[in-house]
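Dumped upload36.txt below, it's compact mmCIF, C-alpha atoms:
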# COMPACT_ATOMS: atom_id res chain seq x y z
CA SER A 122 -32.96 -11.37 -25.21
CA LEU A 123 -34.17 -10.52 -21.72
CA SER A 124 -30.80 -9.24 -20.52
CA ARG A 125 -30.56 -6.90 -23.50
CA SER A 126 -34.01 -5.46 -22.79
CA LEU A 127 -33.02 -4.83 -19.15
CA LYS A 128 -29.93 -2.77 -19.99
CA GLY A 129 -31.87 0.49 -20.43
CA PRO A 130 -33.88 0.29 -17.19
CA ALA A 131 -30.80 -0.82 -15.22
CA LEU A 132 -28.78 2.11 -16.56
CA GLU A 133 -31.62 4.55 -15.84
CA MET A 134 -31.97 3.29 -12.25
CA GLY A 135 -28.23 3.56 -11.67
CA LEU A 136 -27.96 7.06 -13.11
CA ARG A 137 -31.07 8.41 -11.38
CA GLY A 138 -30.25 7.05 -7.94
CA VAL A 139 -32.44 7.59 -4.90
CA ILE A 140 -32.96 10.82 -2.96
CA VAL A 141 -31.67 10.68 0.61
CA ASN A 142 -33.49 12.65 3.31
CA GLN A 143 -30.43 14.08 5.06
CA SER A 144 -32.25 15.11 8.24
CA ARG A 145 -33.88 11.69 8.61
CA LYS A 146 -30.52 10.07 7.93
CA ALA A 147 -28.97 12.13 10.75
CA GLU A 148 -31.82 11.14 13.12
CA VAL A 149 -31.42 7.44 12.35
CA PHE A 150 -27.64 7.71 12.68
CA ASP A 151 -27.98 9.39 16.10
CA GLN A 152 -30.46 6.73 17.27
CA TYR A 153 -28.12 3.89 16.31
CA HIS A 154 -25.11 5.70 17.76
CA ASP A 155 -26.94 6.22 21.08
CA THR A 156 -28.05 2.59 21.18
CA LEU A 157 -24.51 1.46 20.46
CA GLU A 158 -23.17 3.60 23.31
CA VAL A 159 -25.68 2.09 25.76
CA LEU A 160 -24.85 -1.45 24.67
CA ASN A 161 -21.12 -0.71 24.87
CA SER A 162 -21.49 0.69 28.39
CA ASN A 163 -23.50 -2.37 29.47
CA LEU A 164 -20.97 -4.75 27.93
CA GLU A 165 -18.01 -2.99 29.55
CA ARG A 166 -19.76 -3.30 32.91
CA ILE A 167 -20.55 -6.99 32.39
CA VAL A 168 -16.96 -7.74 31.38
CA LEU A 169 -15.40 -5.66 34.17
CA GLU A 170 -17.69 -6.67 37.05
CA GLY A 171 -18.47 -10.19 35.89
CA VAL A 172 -15.11 -11.28 34.52
CA GLY A 173 -12.66 -8.73 35.94
CA LEU A 174 -11.33 -7.62 32.57
CA PRO A 175 -10.70 -3.83 32.51
CA GLY A 176 -10.14 -1.81 29.34
CA PHE A 177 -12.07 -4.28 27.18
CA ASN A 178 -12.52 -3.33 23.51
CA TRP A 179 -15.32 -5.25 21.81
CA ARG A 180 -13.88 -4.48 18.36
CA SER A 181 -10.55 -6.13 19.21
CA ASN A 182 -10.25 -9.79 18.22
CA ALA A 183 -7.41 -10.17 20.73
CA ASP A 184 -9.60 -8.82 23.56
CA LEU A 185 -12.48 -11.08 22.52
CA GLN A 186 -10.23 -14.14 22.40
CA THR A 187 -8.81 -13.27 25.82
CA LEU A 188 -12.32 -12.87 27.19
CA PHE A 189 -13.84 -16.04 25.79
CA TYR A 190 -10.93 -18.45 25.66
CA ASP A 191 -8.73 -17.35 28.57
CA ARG A 192 -11.12 -15.80 31.09
CA LEU A 193 -14.36 -17.71 30.42
CA ARG A 194 -12.46 -20.88 29.41
CA ILE A 195 -14.71 -21.68 26.48
CA PRO A 196 -13.13 -24.33 24.24
CA VAL A 197 -11.27 -22.59 21.43
CA ILE A 198 -13.18 -22.41 18.16
CA THR A 199 -10.91 -22.30 15.13
CA ARG A 200 -11.20 -21.35 11.50
CA GLY A 201 -8.36 -22.30 9.21
CA GLY A 202 -6.46 -23.61 12.22
CA ARG A 203 -6.53 -20.26 14.04
CA PRO A 204 -8.75 -19.15 16.94
CA THR A 205 -11.73 -17.10 15.80
CA VAL A 206 -14.50 -15.01 17.30
CA ASN A 207 -16.44 -14.52 14.07
CA ARG A 208 -20.25 -14.72 13.84
CA ASP A 209 -20.28 -18.51 13.53
CA ALA A 210 -18.04 -18.86 16.59
CA LEU A 211 -20.23 -16.50 18.60
CA GLU A 212 -23.32 -18.50 17.66
CA LYS A 213 -21.62 -21.66 18.97
CA MET A 214 -20.62 -19.85 22.16
CA GLU A 215 -24.27 -18.98 22.87
CA SER A 216 -24.74 -22.53 24.09
CA TYR A 217 -22.53 -21.65 27.09
CA LEU A 218 -24.72 -19.92 29.66
CA ILE A 219 -21.79 -17.84 30.95
CA ALA A 220 -21.17 -16.39 27.47
CA ARG A 221 -24.77 -15.79 26.41
CA PRO A 222 -25.22 -12.17 27.65
CA ILE A 223 -21.87 -11.15 26.21
CA VAL A 224 -22.58 -12.82 22.88
CA SER A 225 -26.02 -11.16 22.71
CA HIS A 226 -24.47 -7.75 23.25
CA LEU A 227 -21.73 -8.38 20.68
CA GLN A 228 -24.15 -9.56 18.01
CA ALA A 229 -26.41 -6.55 18.55
CA MET A 230 -23.43 -4.19 18.50
CA ARG A 231 -22.01 -5.70 15.31
CA ASP A 232 -25.41 -5.45 13.62
CA ILE A 233 -25.74 -1.80 14.61
CA GLY A 234 -22.19 -1.19 13.41
CA LYS A 235 -23.16 -2.51 9.97
CA LYS A 236 -26.21 -0.22 9.89
CA ILE A 237 -24.07 2.75 10.83
CA GLY A 238 -21.73 1.75 8.00
CA VAL A 239 -24.63 1.90 5.54
CA LEU A 240 -25.57 5.35 6.86
CA LYS A 241 -21.97 6.50 6.30
CA THR A 242 -22.11 5.49 2.62
CA GLU A 243 -21.05 8.38 0.41
CA ILE A 244 -23.87 10.33 -1.19
CA ASP A 245 -23.45 12.29 -4.41
CA PRO A 246 -23.49 16.13 -4.32
CA ASP A 247 -27.07 16.20 -5.64
CA GLY A 248 -28.30 14.41 -2.49
CA ARG A 249 -28.80 11.06 -4.17
CA ILE A 250 -27.23 7.70 -3.53
CA ARG A 251 -26.48 5.58 -6.54
CA THR A 252 -25.59 2.01 -7.32
CA SER A 253 -24.45 0.16 -10.39
CA TYR A 254 -26.72 -2.70 -11.42
CA ASN A 255 -25.26 -5.76 -13.10
CA ILE A 256 -27.94 -7.60 -15.04
CA ALA A 257 -25.79 -10.73 -15.36
CA GLY A 258 -24.50 -10.57 -11.81
CA THR A 259 -25.83 -13.82 -10.42
CA SER A 260 -26.33 -17.38 -11.54
CA THR A 261 -30.05 -17.12 -10.68
CA GLY A 262 -30.77 -14.33 -13.16
CA ARG A 263 -31.28 -11.64 -10.52
CA PHE A 264 -29.46 -8.31 -10.58
CA SER A 265 -26.43 -7.69 -8.43
CA SER A 266 -25.33 -4.20 -7.44
CA SER A 267 -22.25 -2.41 -6.18
CA PHE A 268 -20.60 1.02 -6.21
CA SER A 269 -21.94 3.40 -8.83
CA GLU A 270 -20.00 4.33 -11.94
CA PHE A 271 -18.93 7.43 -9.99
CA GLY A 272 -17.36 5.38 -7.19
CA THR A 273 -20.01 6.34 -4.65
CA GLY A 274 -22.96 4.50 -3.16
CA GLY A 275 -22.93 0.76 -2.80
CA ASN A 276 -25.22 -2.26 -2.79
CA LEU A 277 -28.73 -0.84 -2.34
CA GLN A 278 -30.49 -4.16 -2.85
CA ASN A 279 -30.05 -5.36 0.71
CA VAL A 280 -30.88 -2.21 2.67
CA GLU A 281 -32.62 -3.35 5.80
CA GLU A 282 -36.17 -2.15 6.44
CA SER A 283 -35.13 -0.09 9.48
CA LEU A 284 -32.87 2.03 7.24
CA ARG A 285 -35.32 2.58 4.39
CA SER A 286 -36.92 5.61 6.03
CA ILE A 287 -33.98 7.74 4.86
CA PHE A 288 -34.95 7.34 1.20
CA ILE A 289 -37.49 9.54 -0.60
CA SER A 290 -39.16 8.66 -3.87
CA ASP A 291 -39.02 11.18 -6.67
CA PRO A 292 -42.10 13.42 -7.09
CA GLY A 293 -44.80 11.49 -8.88
CA TYR A 294 -43.23 8.13 -8.00
CA LYS A 295 -43.80 5.60 -5.22
CA PHE A 296 -41.64 2.94 -3.65
Would you mind writing the file out in structure tokens?
Amino acid sequence: SLSRSLKGPALEMGLRGVIVNQSRKAEVFDQYHDTLEVLNSNLERIVLEGVGLPGFNWRSNADLQTLFYDRLRIPVITRGGRPTVNRDALEKMESYLIARPIVSHLQAMRDIGKKIGVLKTEIDPDGRIRTSYNIAGTSTGRFSSSFSEFGTGGNLQNVEESLRSIFISDPGYKF
């Protein structure tokens, strides 16, 4: 069967892993960190000068709910009967002109936070990142992936293009 013939290549890919260029990884991390700091500074200024809310923490759901629902008086968006400021709620809030610049900053900052999370993924001592491929992982017949058998790495199938520059192909191989 097809799945049986894929076991060998999937195991080989998982065990081999991918070489990570540590210096490039540090550069990309610093770029994202710097961008996040600029966005955070801009957002703090918008919230303080525009709304009068000092000490705002964009990672705090309570602060976000206070900002949007109490200060900006946007109708409360709920999920499971409780107020939410998740991605779907933020997308709905974009229709309110007063919330648009704040929502734009938050979405950009959350996206950068996810990229920084990928860059913080544990790498094995040999400088490679690994994943475990599951050949029967989806109903569509595609592979799924997760942490390696060693408990490191993660899902390498959805690494965004802007993060791919940290990976190096093995000598004699191409991506």
(message) What's the separation between CA of Gln228 in chain A and CA of Leu185 in chain A, in Å to one decimal place?
(response) 12.6 Å
(message) I need the residue nearest Phe288 in chain A from this list: A:Lys146, A:Arg137, A:Arg203, A:Arg251. Use all atoms listed in the file for the distance.
(response) A:Lys146
(request) Return the single residue from A:Leu174, A:Ile195, A:Ile244, A:Leu277 that is closest to Tyr217 in chain A, with distances computed using all atoms listed in the file. (result)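 Looking at the shortest contact to Tyr217 in chain A, the residue is A:Ile195.
Using all atoms listed in the file, the shortest contact distance between Glu158 in chain A and any of A:Pro130, A:Arg194, A:Ile287, A:His226 is found at A:His226.
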(request) Between CA of Arg249 in chain A and CA of Arg263 in chain A, measure the distance and give it in Å to one decimal. (result) 23.7 Å
(message) With only C-alpha atoms as the counted atoms, please give the residues lying no more than 9 Å from range 213-216 of chain A, apart from itself and same-chain residues fewer than 6 positions off, as a ChimeraX atom specification.
(response) /A:189,195-196,198,222-225
(request) Select, from A:Arg180, A:Arg285, A:Lys241, A:Lys295, the residue with the minimum atom-to-atom distance to Asp151 in chain A, counting all atoms listed in the file. (result)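 The closest residue to Asp151 in chain A is A:Lys241.
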(message) If I take CA of Val197 in chain A and CA of Phe177 in chain A, how far is one from the other in Å, to one decimal?
(response)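 A separation of 19.2 Å between them.
With distances restricted to all atoms listed in the file, A:Lys128 is the closest residue to Phe264 in chain A from A:Val172, A:Gly202, A:Ala210, A:Lys128.
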(message) I want to know what sits within 12 Å of Tyr254 in chain A, based on only C-alpha atoms, with residues of the same chain fewer than 2 positions away left out; could you give that as a ChimeraX atom specification?
(response) /A:124,127-138,251-252,256-259,263-270,274-278
(request) Would you please work out which residue, of A:Ser290, A:Asn163, A:Asn255, A:Ser126, is nearest to Trp179 in chain A when using all atoms listed in the file? (result)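 Result for the nearest residue to Trp179 in chain A: A:Asn163.
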So for range 145-152 of chain A, what box centre and size do we get, axis-aligned, 5 Å extra on each of the six sides, every listed atom, Å to one decimal, as JSON?
{"center_x": -30.8, "center_y": 9.4, "center_z": 12.6, "size_x": 16.2, "size_y": 15.4, "size_z": 19.3}
